[in-house]
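Engineer: Below is the file final08.cif, with mmCIF, C-alpha atoms.
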data_protein
#
loop_
_atom_site.label_atom_id
_atom_site.label_comp_id
_atom_site.auth_asym_id
_atom_site.auth_seq_id
_atom_site.Cartn_x
_atom_site.Cartn_y
_atom_site.Cartn_z
CA MET A 143 12.45 28.95 -9.86
CA LEU A 144 9.84 27.57 -7.48
CA ALA A 145 7.73 30.09 -5.62
CA GLY A 146 4.93 29.90 -3.11
CA LYS A 147 2.45 32.79 -3.04
CA ASN A 148 0.30 33.40 0.04
CA ILE A 149 0.04 29.72 0.93
CA SER A 150 -2.48 28.88 3.64
CA PHE A 151 -3.34 25.44 4.97
CA ASN A 152 -5.78 24.53 7.72
CA TYR A 153 -6.10 21.20 9.44
CA ASP A 154 -9.39 20.73 11.32
CA ASN A 155 -9.88 24.51 11.69
CA ASN A 156 -6.30 24.75 12.95
CA CYS A 157 -4.24 27.14 10.85
CA VAL A 158 -0.99 25.29 10.12
CA LEU A 159 0.32 27.57 7.35
CA ASN A 160 -0.64 31.24 7.34
CA THR A 161 -0.19 33.17 4.04
CA ILE A 162 3.35 31.96 3.45
CA SER A 163 5.34 33.28 0.49
CA PHE A 164 8.80 32.12 -0.49
CA GLN A 165 11.00 31.39 -3.45
CA ALA A 166 13.59 28.71 -4.11
CA GLN A 167 16.27 29.16 -6.75
CA PRO A 168 18.04 26.60 -8.94
CA GLN A 169 21.57 25.69 -7.82
CA ARG A 170 20.68 26.68 -4.28
CA ILE A 171 19.66 24.68 -1.23
CA THR A 172 16.69 26.33 0.42
CA CYS A 173 16.19 25.37 4.05
CA PHE A 174 13.01 25.77 6.08
CA ILE A 175 13.94 25.79 9.72
CA GLY A 176 11.98 26.15 12.92
CA LYS A 177 10.81 24.34 16.01
CA SER A 178 8.61 21.23 15.95
CA GLY A 179 5.08 22.15 14.90
CA ALA A 180 6.16 25.31 13.09
CA GLY A 181 4.74 23.97 9.81
CA LYS A 182 7.94 22.97 7.96
CA SER A 183 6.91 19.42 7.04
CA THR A 184 3.36 20.52 6.17
CA LEU A 185 4.73 23.15 3.80
CA LEU A 186 6.93 20.57 2.03
CA ARG A 187 4.00 18.11 1.83
CA CYS A 188 1.91 20.88 0.27
CA ILE A 189 4.60 21.55 -2.35
CA ALA A 190 4.78 17.81 -3.10
CA GLY A 191 1.00 17.72 -3.56
CA LEU A 192 0.35 15.44 -0.58
CA GLU A 193 -1.82 18.09 1.11
CA LYS A 194 -4.34 20.38 -0.55
CA ILE A 195 -3.73 24.00 0.28
CA ASN A 196 -6.69 26.20 1.26
CA ALA A 197 -5.36 29.35 -0.38
CA GLY A 198 -2.47 30.58 -2.49
CA LEU A 199 -0.56 28.89 -5.27
CA PHE A 200 2.77 27.31 -6.08
CA LEU A 201 4.52 28.49 -9.22
CA PHE A 202 7.25 26.64 -11.03
CA ASP A 203 8.82 28.80 -13.75
CA GLN A 204 5.66 30.95 -13.67
CA ASN A 205 3.34 27.95 -14.17
CA SER A 206 0.98 26.80 -11.45
CA LEU A 207 1.80 23.37 -10.04
CA ALA A 208 -1.92 22.75 -9.52
CA GLU A 209 -2.39 22.51 -13.28
CA LEU A 210 0.08 19.66 -13.66
CA SER A 211 -1.06 16.04 -13.94
CA PRO A 212 0.22 13.72 -11.17
CA GLN A 213 2.76 12.28 -13.63
CA ALA A 214 3.98 15.71 -14.74
CA ARG A 215 4.15 16.85 -11.12
CA ALA A 216 6.23 13.78 -10.21
CA GLN A 217 8.65 14.69 -12.99
CA THR A 218 8.87 18.26 -11.68
CA ILE A 219 9.08 17.60 -7.94
CA GLY A 220 10.91 14.76 -6.22
CA PHE A 221 10.03 14.21 -2.58
CA VAL A 222 11.96 12.22 0.00
CA ALA A 223 9.92 11.70 3.15
CA GLN A 224 11.34 11.58 6.66
CA GLN A 225 10.66 7.80 6.82
CA PHE A 226 11.98 7.33 3.23
CA ASN A 227 8.92 5.17 2.35
CA LEU A 228 10.88 2.68 0.26
CA PHE A 229 8.87 -0.27 -1.01
CA PRO A 230 9.93 -3.13 1.32
CA HIS A 231 8.89 -5.95 -1.04
CA MET A 232 11.22 -4.75 -3.81
CA THR A 233 15.00 -4.73 -4.03
CA VAL A 234 16.88 -1.43 -4.14
CA LEU A 235 17.14 -1.69 -7.92
CA GLN A 236 13.44 -2.45 -8.34
CA ASN A 237 12.58 0.48 -6.05
CA CYS A 238 14.51 2.82 -8.35
CA ALA A 239 13.70 1.23 -11.72
CA GLN A 240 9.96 0.66 -11.35
CA PRO A 241 8.95 4.36 -11.38
CA LEU A 242 10.97 4.77 -14.58
CA GLN A 243 8.98 1.98 -16.20
CA LEU A 244 5.56 2.99 -14.90
CA VAL A 245 5.81 6.77 -15.11
CA LEU A 246 8.35 7.38 -17.89
CA GLY A 247 7.40 4.26 -19.86
CA LEU A 248 10.97 2.98 -20.18
CA GLU A 249 11.68 -0.67 -21.01
CA GLN A 250 12.84 -2.75 -18.04
CA LYS A 251 16.42 -2.97 -19.31
CA GLN A 252 16.65 0.79 -19.93
CA ALA A 253 15.06 1.55 -16.56
CA GLU A 254 17.48 -0.71 -14.71
CA THR A 255 20.49 0.74 -16.52
CA LYS A 256 19.42 4.28 -15.65
CA ALA A 257 18.60 3.31 -12.05
CA LEU A 258 22.00 1.61 -11.64
CA CYS A 259 23.70 4.72 -13.00
CA ILE A 260 21.97 6.93 -10.41
CA LEU A 261 22.63 4.43 -7.61
CA ALA A 262 26.31 4.41 -8.62
CA SER A 263 26.45 8.22 -8.44
CA LEU A 264 25.28 7.93 -4.83
CA GLY A 265 27.65 5.05 -4.01
CA MET A 266 24.82 2.52 -3.70
CA GLU A 267 25.33 0.28 -6.76
CA ALA A 268 26.73 -2.53 -4.59
CA TYR A 269 23.37 -2.77 -2.81
CA ALA A 270 21.24 -2.94 -5.95
CA ASN A 271 19.97 -6.46 -5.29
CA VAL A 272 19.28 -6.26 -1.57
CA TYR A 273 16.03 -5.41 0.18
CA PRO A 274 15.72 -2.00 1.88
CA ALA A 275 15.23 -3.56 5.33
CA THR A 276 18.82 -4.81 5.27
CA LEU A 277 20.24 -1.29 4.78
CA SER A 278 21.18 1.34 7.37
CA GLY A 279 19.16 4.55 7.70
CA GLY A 280 21.70 6.55 5.70
CA GLN A 281 21.79 3.97 2.91
CA GLN A 282 17.99 3.82 2.77
CA GLN A 283 17.93 7.57 2.46
CA ARG A 284 20.34 7.53 -0.48
CA VAL A 285 18.15 4.91 -2.16
CA ALA A 286 15.13 7.16 -1.60
CA ILE A 287 17.05 10.09 -3.12
CA ALA A 288 18.10 7.89 -6.06
CA ARG A 289 14.46 6.87 -6.61
CA ALA A 290 13.37 10.50 -6.59
CA LEU A 291 16.22 11.57 -8.90
CA GLY A 292 15.35 8.84 -11.39
CA LEU A 293 12.45 10.86 -12.73
CA ASP A 294 14.90 13.76 -13.16
CA PRO A 295 12.80 16.32 -11.27
CA ALA A 296 13.78 19.98 -11.34
CA VAL A 297 13.00 20.25 -7.64
CA LEU A 298 14.22 17.85 -4.95
CA ILE A 299 12.52 18.11 -1.56
CA LEU A 300 13.71 16.36 1.61
CA ASP A 301 11.72 16.40 4.82
CA GLU A 302 13.87 16.32 7.98
CA PRO A 303 16.60 14.41 6.11
CA THR A 304 19.02 14.04 9.01
CA SER A 305 16.60 12.83 11.68
CA ALA A 306 17.97 9.26 11.46
CA LEU A 307 21.55 9.99 10.41
CA ASP A 308 24.85 9.98 12.27
CA PRO A 309 27.38 12.81 11.64
CA GLU A 310 29.25 10.83 8.94
CA ASN A 311 26.06 10.11 6.98
CA THR A 312 24.97 13.74 7.49
CA ARG A 313 28.23 14.86 5.84
CA ILE A 314 27.66 12.45 2.93
CA LEU A 315 24.09 13.75 2.55
CA VAL A 316 25.31 17.36 2.41
CA GLU A 317 27.71 16.42 -0.39
CA VAL A 318 24.91 14.67 -2.29
CA LEU A 319 22.58 17.68 -1.93
CA GLN A 320 25.32 20.13 -2.95
CA GLN A 321 26.02 17.94 -5.99
CA CYS A 322 22.31 18.02 -6.91
CA ALA A 323 22.26 21.81 -6.54
CA GLN A 324 25.39 22.16 -8.69
CA ASN A 325 23.61 20.09 -11.36
CA GLY A 326 21.01 22.85 -11.54
CA LYS A 327 18.31 21.43 -9.32
CA ILE A 328 16.26 23.36 -6.81
CA VAL A 329 16.89 21.63 -3.49
CA ILE A 330 14.53 22.27 -0.58
CA VAL A 331 14.93 20.78 2.89
CA SER A 332 13.23 21.17 6.24
CA SER A 333 15.36 20.67 9.31
CA GLN A 334 16.03 21.69 12.86
CA ASP A 335 19.44 19.98 12.88
CA ILE A 336 21.83 22.84 13.53
CA ALA A 337 24.97 20.88 12.57
CA PHE A 338 23.43 19.96 9.21
CA LEU A 339 22.24 23.50 8.53
CA LYS A 340 25.68 24.88 9.36
CA LEU A 341 27.18 22.56 6.76
CA ILE A 342 24.60 23.63 4.15
CA ARG A 343 24.99 27.44 4.77
CA ASP A 344 22.64 28.50 2.00
CA TRP A 345 19.23 30.18 1.77
CA VAL A 346 17.21 29.84 5.00
CA TYR A 347 13.61 30.59 5.93
CA LEU A 348 12.60 30.56 9.60
CA LEU A 349 9.06 29.41 10.35
CA GLU A 350 7.17 30.05 13.56
CA ASP A 351 3.54 29.06 14.14
CA GLY A 352 2.87 28.62 10.42
CA LYS A 353 4.42 31.93 9.37
CA ILE A 354 7.74 32.83 7.82
CA VAL A 355 9.24 35.25 10.29
CA GLU A 356 12.61 35.75 8.61
CA SER A 357 14.68 34.74 5.62
CA LEU A 358 18.42 34.92 5.19
CA ASP A 359 20.89 34.23 2.41
CA ILE A 360 23.80 33.06 4.53
CA GLN A 361 26.16 33.16 1.53
CA LYS A 362 25.49 36.83 0.79
CA ASP A 363 23.65 38.65 3.57
CA PRO A 364 25.85 40.31 6.19
CA ILE A 365 25.95 38.78 9.64
CA ASP A 366 23.46 40.56 11.85
CA ARG A 367 23.66 39.57 15.47
CA LYS A 368 19.98 40.46 15.98
CA SER A 369 18.87 37.96 13.32
CA CYS A 370 16.54 35.22 14.64
CA ILE A 371 17.99 32.77 12.11
CA GLN A 372 21.53 33.40 13.26
CA GLU A 373 20.36 33.01 16.81
CA PHE A 374 18.62 29.74 15.88
CA LEU A 375 21.68 28.44 14.08
CA ARG A 376 24.08 29.95 16.62
CA LEU A 377 26.22 31.38 13.81
CA MET B 237 -13.47 -51.78 6.01
CA PHE B 238 -11.87 -52.67 2.64
CA GLU B 239 -15.10 -54.25 1.51
CA PHE B 240 -16.96 -51.10 2.47
CA LEU B 241 -14.47 -48.90 0.63
CA TYR B 242 -14.69 -51.07 -2.47
CA GLU B 243 -18.48 -50.80 -2.56
CA ALA B 244 -18.82 -47.15 -1.51
CA ALA B 245 -15.82 -45.65 -3.34
CA PRO B 246 -17.62 -44.68 -6.58
CA LEU B 247 -20.39 -42.87 -4.70
CA LEU B 248 -17.98 -41.21 -2.29
CA MET B 249 -15.74 -40.07 -5.15
CA ARG B 250 -18.73 -38.55 -6.89
CA GLY B 251 -19.68 -36.80 -3.64
CA ALA B 252 -16.09 -35.59 -3.15
CA ALA B 253 -16.01 -34.29 -6.74
CA LEU B 254 -19.22 -32.32 -6.14
CA THR B 255 -17.82 -30.98 -2.86
CA LEU B 256 -14.71 -29.81 -4.71
CA TYR B 257 -16.87 -28.25 -7.42
CA LEU B 258 -18.98 -26.39 -4.83
CA TRP B 259 -15.84 -25.32 -2.97
CA LEU B 260 -14.01 -24.13 -6.09
CA GLY B 261 -17.02 -22.18 -7.40
CA SER B 262 -17.68 -20.46 -4.09
CA ALA B 263 -13.94 -19.84 -3.54
CA ILE B 264 -13.64 -18.04 -6.89
CA LEU B 265 -16.71 -15.95 -6.04
CA SER B 266 -15.46 -15.27 -2.52
CA LEU B 267 -11.97 -14.18 -3.59
CA SER B 268 -13.02 -12.08 -6.57
CA LEU B 269 -15.88 -10.24 -4.80
CA GLY B 270 -14.05 -10.10 -1.47
CA ILE B 271 -10.84 -8.60 -2.87
CA VAL B 272 -12.64 -5.96 -4.96
CA SER B 273 -14.97 -5.11 -2.06
CA GLY B 274 -12.04 -4.96 0.40
CA ILE B 275 -10.16 -2.53 -1.86
CA VAL B 276 -13.22 -0.29 -2.35
CA ARG B 277 -13.86 -0.26 1.42
CA SER B 278 -10.24 0.56 2.35
CA LYS B 279 -9.45 3.93 3.96
CA GLN B 280 -7.58 5.30 0.97
CA TRP B 281 -10.57 4.85 -1.36
CA ARG B 282 -13.10 6.44 0.97
CA PRO B 283 -15.35 8.34 0.92
CA ASN B 284 -17.34 6.71 -1.86
CA LEU B 285 -21.00 5.66 -1.99
CA LEU B 286 -20.18 2.11 -3.09
CA ALA B 287 -18.07 1.59 0.05
CA TYR B 288 -21.05 2.44 2.29
CA ILE B 289 -23.33 0.11 0.33
CA LEU B 290 -20.73 -2.67 0.61
CA ASP B 291 -20.39 -1.95 4.35
CA VAL B 292 -24.11 -2.67 4.80
CA ILE B 293 -24.01 -5.83 2.65
CA THR B 294 -20.94 -7.11 4.52
CA PHE B 295 -22.58 -6.34 7.86
CA VAL B 296 -25.72 -8.29 6.91
CA LEU B 297 -23.85 -11.27 5.43
CA ARG B 298 -21.60 -11.57 8.46
CA GLY B 299 -24.47 -11.15 10.90
CA ILE B 300 -26.68 -13.99 9.64
CA PRO B 301 -25.66 -17.67 10.00
CA PHE B 302 -24.76 -19.30 6.70
CA TYR B 303 -27.39 -22.00 7.23
CA VAL B 304 -30.14 -19.36 7.40
CA GLN B 305 -28.71 -17.60 4.32
CA LEU B 306 -28.74 -20.89 2.44
CA LEU B 307 -32.38 -21.56 3.35
CA ILE B 308 -33.36 -18.05 2.27
CA ALA B 309 -31.41 -18.42 -1.00
CA TYR B 310 -32.97 -21.80 -1.75
CA PHE B 311 -36.56 -21.34 -0.58
CA VAL B 312 -37.28 -17.57 -0.65
CA VAL B 313 -35.17 -15.97 -3.39
CA PRO B 314 -36.55 -18.15 -6.26
CA ASN B 315 -40.07 -16.91 -5.42
CA LEU B 316 -38.85 -13.32 -5.61
CA LEU B 317 -36.93 -13.87 -8.84
CA GLY B 318 -39.61 -15.92 -10.54
CA PHE B 319 -37.20 -18.69 -11.51
CA ALA B 320 -35.28 -21.30 -9.56
CA PRO B 321 -31.60 -21.92 -10.24
CA SER B 322 -30.32 -25.43 -9.48
CA ALA B 323 -29.52 -26.31 -5.87
CA GLU B 324 -25.80 -26.46 -6.76
CA THR B 325 -25.82 -22.98 -8.33
CA THR B 326 -27.80 -21.57 -5.39
CA SER B 327 -25.32 -23.16 -2.97
CA ILE B 328 -22.26 -21.75 -4.78
CA ILE B 329 -23.75 -18.24 -4.85
CA ALA B 330 -24.90 -18.36 -1.20
CA LEU B 331 -21.61 -19.79 0.06
CA GLY B 332 -19.51 -17.50 -2.16
CA LEU B 333 -21.36 -14.36 -1.04
CA CYS B 334 -21.21 -15.27 2.63
CA SER B 335 -17.49 -16.00 2.42
CA ALA B 336 -16.86 -12.86 0.33
CA ALA B 337 -18.04 -10.75 3.28
CA TYR B 338 -15.31 -12.25 5.48
CA THR B 339 -12.71 -12.06 2.68
CA SER B 340 -13.62 -8.39 2.20
CA GLN B 341 -12.94 -7.69 5.89
CA THR B 342 -9.58 -9.45 5.71
CA VAL B 343 -8.50 -7.58 2.56
CA ARG B 344 -9.67 -4.21 3.91
CA GLY B 345 -7.90 -4.77 7.23
CA CYS B 346 -4.61 -5.80 5.60
CA ILE B 347 -4.66 -2.84 3.19
CA ASP B 348 -5.48 -0.38 5.96
CA ALA B 349 -2.69 -1.80 8.12
CA LEU B 350 -0.03 -0.71 5.60
CA PRO B 351 1.73 2.57 6.41
CA LEU B 352 0.17 5.65 4.79
CA GLY B 353 3.68 6.47 3.56
CA GLN B 354 3.46 3.68 0.96
CA TRP B 355 0.45 5.39 -0.67
CA GLU B 356 2.18 8.76 -0.41
CA ALA B 357 5.38 7.43 -1.98
CA CYS B 358 3.34 6.24 -4.96
CA ALA B 359 1.52 9.58 -5.19
CA VAL B 360 4.74 11.62 -5.29
CA LEU B 361 6.21 9.22 -7.86
CA GLY B 362 3.20 9.81 -10.10
CA TYR B 363 1.71 6.29 -9.92
CA SER B 364 -1.92 5.92 -10.92
CA ARG B 365 -4.34 4.34 -8.44
CA TYR B 366 -4.25 1.08 -10.35
CA GLN B 367 -0.43 1.05 -10.43
CA THR B 368 -0.31 1.84 -6.70
CA LEU B 369 -2.56 -1.11 -5.89
CA ARG B 370 -1.13 -3.53 -8.41
CA PHE B 371 2.57 -2.98 -7.78
CA VAL B 372 2.88 -1.64 -4.23
CA ILE B 373 -0.14 -2.11 -1.97
CA LEU B 374 -1.53 -5.54 -2.87
CA PRO B 375 1.84 -7.36 -2.98
CA GLN B 376 2.56 -6.11 0.54
CA ALA B 377 -0.96 -6.67 1.86
CA MET B 378 -1.00 -10.16 0.31
CA ARG B 379 1.78 -11.27 2.64
CA THR B 380 -0.32 -10.57 5.73
CA MET B 381 -3.66 -11.62 4.25
CA LEU B 382 -2.51 -15.04 2.94
CA PRO B 383 -2.76 -16.98 6.24
CA THR B 384 -6.24 -15.59 6.90
CA LEU B 385 -7.38 -16.21 3.32
CA THR B 386 -6.11 -19.81 3.51
CA ASN B 387 -8.11 -20.15 6.73
CA GLU B 388 -11.20 -18.72 5.03
CA LEU B 389 -10.90 -21.11 2.07
CA ASP B 390 -10.42 -24.01 4.49
CA GLN B 391 -13.54 -22.90 6.40
CA LEU B 392 -15.35 -22.69 3.07
CA LEU B 393 -14.57 -26.37 2.44
CA LYS B 394 -16.06 -27.30 5.82
CA SER B 395 -19.12 -25.14 5.15
CA THR B 396 -19.97 -27.19 2.05
CA THR B 397 -21.25 -29.85 4.49
CA ILE B 398 -24.15 -27.52 5.38
CA ILE B 399 -25.27 -27.63 1.74
CA SER B 400 -26.32 -31.25 2.33
CA SER B 401 -29.33 -29.78 4.19
CA ILE B 402 -30.97 -28.73 0.89
CA GLY B 403 -30.45 -32.16 -0.62
CA VAL B 404 -27.29 -31.55 -2.67
CA LEU B 405 -25.40 -34.85 -2.94
CA GLU B 406 -22.05 -33.58 -1.74
CA LEU B 407 -19.62 -35.76 0.22
CA THR B 408 -21.35 -35.64 3.62
CA ARG B 409 -24.83 -36.25 2.16
CA VAL B 410 -23.51 -39.17 0.10
CA GLY B 411 -21.94 -40.64 3.25
CA MET B 412 -25.21 -40.27 5.19
CA ASN B 413 -27.09 -41.99 2.37
CA ILE B 414 -24.58 -44.86 2.39
CA ILE B 415 -24.98 -45.19 6.17
CA ALA B 416 -28.78 -45.27 5.79
CA ARG B 417 -28.38 -48.05 3.22
CA ASP B 418 -25.63 -50.20 4.80
CA MET B 419 -26.02 -49.30 8.47
CA LYS B 420 -22.23 -49.09 8.87
CA PRO B 421 -21.58 -45.61 10.33
CA LEU B 422 -18.00 -46.14 11.57
CA PRO B 423 -16.21 -46.87 8.25
CA ALA B 424 -18.39 -44.33 6.44
CA TYR B 425 -17.69 -41.46 8.83
CA LEU B 426 -13.99 -42.35 9.04
CA THR B 427 -13.70 -42.37 5.24
CA ILE B 428 -15.52 -39.04 4.87
CA ALA B 429 -13.34 -37.48 7.60
CA ALA B 430 -10.20 -38.78 5.87
CA ILE B 431 -11.25 -37.31 2.50
CA TYR B 432 -11.91 -33.89 4.09
CA LEU B 433 -8.56 -34.09 5.88
CA ILE B 434 -6.71 -34.87 2.64
CA ILE B 435 -8.36 -31.97 0.74
CA SER B 436 -7.76 -29.60 3.66
CA SER B 437 -4.11 -30.65 3.93
CA LEU B 438 -3.55 -30.00 0.24
CA LEU B 439 -5.15 -26.58 0.62
CA GLN B 440 -2.95 -25.70 3.58
CA LEU B 441 0.12 -26.89 1.69
CA LEU B 442 -0.84 -24.60 -1.18
CA GLY B 443 -1.33 -21.73 1.29
CA GLN B 444 2.11 -22.27 2.81
CA THR B 445 3.71 -22.35 -0.64
CA CYS B 446 2.02 -19.05 -1.53
CA GLU B 447 3.18 -17.55 1.79
CA ARG B 448 6.77 -18.57 1.06
CA LYS B 449 6.57 -17.01 -2.42
CA ALA B 450 5.10 -13.76 -1.04
CA ALA B 451 7.71 -13.44 1.73
CA TYR B 452 10.41 -10.77 1.65
CA VAL B 453 13.03 -9.47 4.05
CA SER B 454 11.50 -6.99 6.44
CA ARG B 455 12.05 -5.50 9.87
#
Taking this structure as input, can you express it in the form of structure tokens?

Structural biologist:
Amino acid sequence: MLAGKNISFNYDNNCVLNTISFQAQPQRITCFIGKSGAGKSTLLRCIAGLEKINAGLFLFDQNSLAELSPQARAQTIGFVAQQFNLFPHMTVLQNCAQPLQLVLGLEQKQAETKALCILASLGMEAYANVYPATLSGGQQQRVAIARALGLDPAVLILDEPTSALDPENTRILVEVLQQCAQNGKIVIVSSQDIAFLKLIRDWVYLLEDGKIVESLDIQKDPIDRKSCIQEFLRL
Amino acid sequence: MFEFLYEAAPLLMRGAALTLYLWLGSAILSLSLGIVSGIVRSKQWRPNLLAYILDVITFVLRGIPFYVQLLIAYFVVPNLLGFAPSAETTSIIALGLCSAAYTSQTVRGCIDALPLGQWEACAVLGYSRYQTLRFVILPQAMRTMLPTLTNELDQLLKSTTIISSIGVLELTRVGMNIIARDMKPLPAYLTIAAIYLIISSLLQLLGQTCERKAAYVSR
């Protein structure tokens, strides 16, 4: 389980996250929803270690993430940014295989075999030898997910994953994320895409002005018409 | 003209060889110091004390004409050091340092122009700083810095002519000596110009080849 305890983050004296606590379970997709500027992306960046929190701590299976080395953290948390951030000078296969060589220390052949296997599981093996710039947004995203999954992280985080996707690619993404969750991973996403969130229908946290104002387990909790989350998602 | 070439060719070739030696020495110095300095001064490595020191050095080297730097290096620095390196060594160091300041700016600018997301992708994948630079940042930055670096190395070749002012017998100085001896400026200047043009063309050809090798599909 991944948990955040009293997380606070300030940016230039501006409080972006205010004593946030949450938990994300394996085999579940945890969604952080809210309007633009609510702090969703910042929270995910903090979990991924891209921002230094001012207070609080993140716990993974009762161990603080802050104590992990960058390599160990990368093998615990996989992060897919909104812009995917693929390496444009490498082919799809190189994008996925290189981290396996550099971080896990695999031989090139082993790394490429493993990377191809993951690309195949996401339906991207046919594009192994092309450059990312020639792919569509949805395909680039699947490559970014494949790259993150290569290190076999226990947690997979996606920031605004549907911002560049059409409905068909959104549906494919939901299937991929549900598959990851079924494989025992903790999946965390931030989104304000109602159609996507309705397809996910899992654990949801609503953020407003850097605070979690409500959480809801859509699979289990009873429908409450007064719920802000249900109002947000128009359930 | 052919008679002139026949008589002057050995001297001109010796001058051209020294010009190439001065150019190669200062180019190695310029690229090695400039690339390291550009990396240290890039946004992602700041703040660090070395970057601020290099900022000042770069500012000074870019602010003073190379001719003045050469005169200081040749006439003033030996007095401060207590020993005098050869004119060739002094020229290579002065030219290399001056050019390194411009190379440093080019490298820093091209690294800073890359999206922050590339650094972040490496961080979340667990890459070390060296791995990030070696495998992700420099290969991408190299594509944009190559034309400017080729330009800088070409400019460096032209700047070797200034070294003739401290008596180093590089190509231009050799040509001027031949003119003083034979009083035939036209064939001498034309020959010197042609030699510079040939070396410069080869350099630009090399630059274009490197650019083609560094190219990748992008949008």

Engineer: Just so the selection is clear, what residues does the PyMOL selection byres ((chain B) within 12 of (chain A)) cover here, as a PyMOL selection string?

Structural biologist: chain B and resi 350-368+370-379+449-455

Engineer: What would the file look like if the residues just selected were written as a short mmCIF file (atom, residue, chain, number, x, y, z; two decimals), in the coordinates of the input with C-alpha atoms?

Structural biologist:
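The resulting result_17.cif:
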data_model
loop_
_atom_site.label_atom_id
_atom_site.label_comp_id
_atom_site.auth_asym_id
_atom_site.auth_seq_id
_atom_site.Cartn_x
_atom_site.Cartn_y
_atom_site.Cartn_z
CA LEU B 350 -0.03 -0.71 5.60
CA PRO B 351 1.73 2.57 6.41
CA LEU B 352 0.17 5.65 4.79
CA GLY B 353 3.68 6.47 3.56
CA GLN B 354 3.46 3.68 0.96
CA TRP B 355 0.45 5.39 -0.67
CA GLU B 356 2.18 8.76 -0.41
CA ALA B 357 5.38 7.43 -1.98
CA CYS B 358 3.34 6.24 -4.96
CA ALA B 359 1.52 9.58 -5.19
CA VAL B 360 4.74 11.62 -5.29
CA LEU B 361 6.21 9.22 -7.86
CA GLY B 362 3.20 9.81 -10.10
CA TYR B 363 1.71 6.29 -9.92
CA SER B 364 -1.92 5.92 -10.92
CA ARG B 365 -4.34 4.34 -8.44
CA TYR B 366 -4.25 1.08 -10.35
CA GLN B 367 -0.43 1.05 -10.43
CA THR B 368 -0.31 1.84 -6.70
CA ARG B 370 -1.13 -3.53 -8.41
CA PHE B 371 2.57 -2.98 -7.78
CA VAL B 372 2.88 -1.64 -4.23
CA ILE B 373 -0.14 -2.11 -1.97
CA LEU B 374 -1.53 -5.54 -2.87
CA PRO B 375 1.84 -7.36 -2.98
CA GLN B 376 2.56 -6.11 0.54
CA ALA B 377 -0.96 -6.67 1.86
CA MET B 378 -1.00 -10.16 0.31
CA ARG B 379 1.78 -11.27 2.64
CA LYS B 449 6.57 -17.01 -2.42
CA ALA B 450 5.10 -13.76 -1.04
CA ALA B 451 7.71 -13.44 1.73
CA TYR B 452 10.41 -10.77 1.65
CA VAL B 453 13.03 -9.47 4.05
CA SER B 454 11.50 -6.99 6.44
CA ARG B 455 12.05 -5.50 9.87
#

Engineer: At what distance in Å, to one decimal, does atom CA of A:Gly279 lie from atom CA of A:Val316?

Structural biologist: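 Distance reported for this atom pair: 15.2 Å.
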
Engineer: To one decimal place, how far is atom CA of B:Leu389 from atom CA of B:Tyr310 in Å?

Structural biologist: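 Atom-to-atom, atom CA of B:Leu389 to atom CA of B:Tyr310, that is 22.4 Å.
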
Engineer: Here's the selection I'm unsure about, the PyMOL selection byres ((chain A and resi 353) around 12); applied to the file above, which residues does it give, as a VMD selection string?

Structural biologist: chain A and resid 148 to 151 157 to 164 174 to 177 179 to 182 184 to 185 347 to 352 354 to 357

Engineer: What does the structure give for the distance between atom CA of A:Leu300 and atom CA of A:Val331, in Å to one decimal?

Structural biologist: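 Taking atom CA of A:Leu300 as the start and atom CA of A:Val331 as the end point, the length is 4.8 Å.
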
Engineer: If I only want stretch 229-237 of chain A, can you write it with N, CA and C atoms, as a short mmCIF file (atom, residue, chain, number, x, y, z; two decimals), in the first residue's frame?

Structural biologist:
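Ended up saving to result-v7.cif:
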data_model
loop_
_atom_site.label_atom_id
_atom_site.label_comp_id
_atom_site.auth_asym_id
_atom_site.auth_seq_id
_atom_site.Cartn_x
_atom_site.Cartn_y
_atom_site.Cartn_z
N PHE A 229 12.12 9.83 -25.16
CA PHE A 229 13.38 10.37 -25.67
C PHE A 229 13.30 10.39 -27.21
N PRO A 230 13.25 11.58 -27.82
CA PRO A 230 12.98 11.65 -29.26
C PRO A 230 14.10 11.12 -30.15
N HIS A 231 15.33 11.02 -29.60
CA HIS A 231 16.45 10.57 -30.43
C HIS A 231 16.62 9.06 -30.40
N MET A 232 15.72 8.38 -29.69
CA MET A 232 15.80 6.91 -29.60
C MET A 232 14.54 6.31 -30.21
N THR A 233 14.67 5.09 -30.72
CA THR A 233 13.49 4.38 -31.21
C THR A 233 12.64 3.95 -30.01
N VAL A 234 11.45 3.48 -30.30
CA VAL A 234 10.54 2.99 -29.25
C VAL A 234 11.24 1.91 -28.42
N LEU A 235 11.90 0.98 -29.11
CA LEU A 235 12.56 -0.12 -28.40
C LEU A 235 13.70 0.40 -27.51
N GLN A 236 14.48 1.31 -28.06
CA GLN A 236 15.58 1.89 -27.26
C GLN A 236 15.05 2.65 -26.05
N ASN A 237 13.93 3.38 -26.24
CA ASN A 237 13.31 4.09 -25.13
C ASN A 237 12.98 3.14 -23.98
#
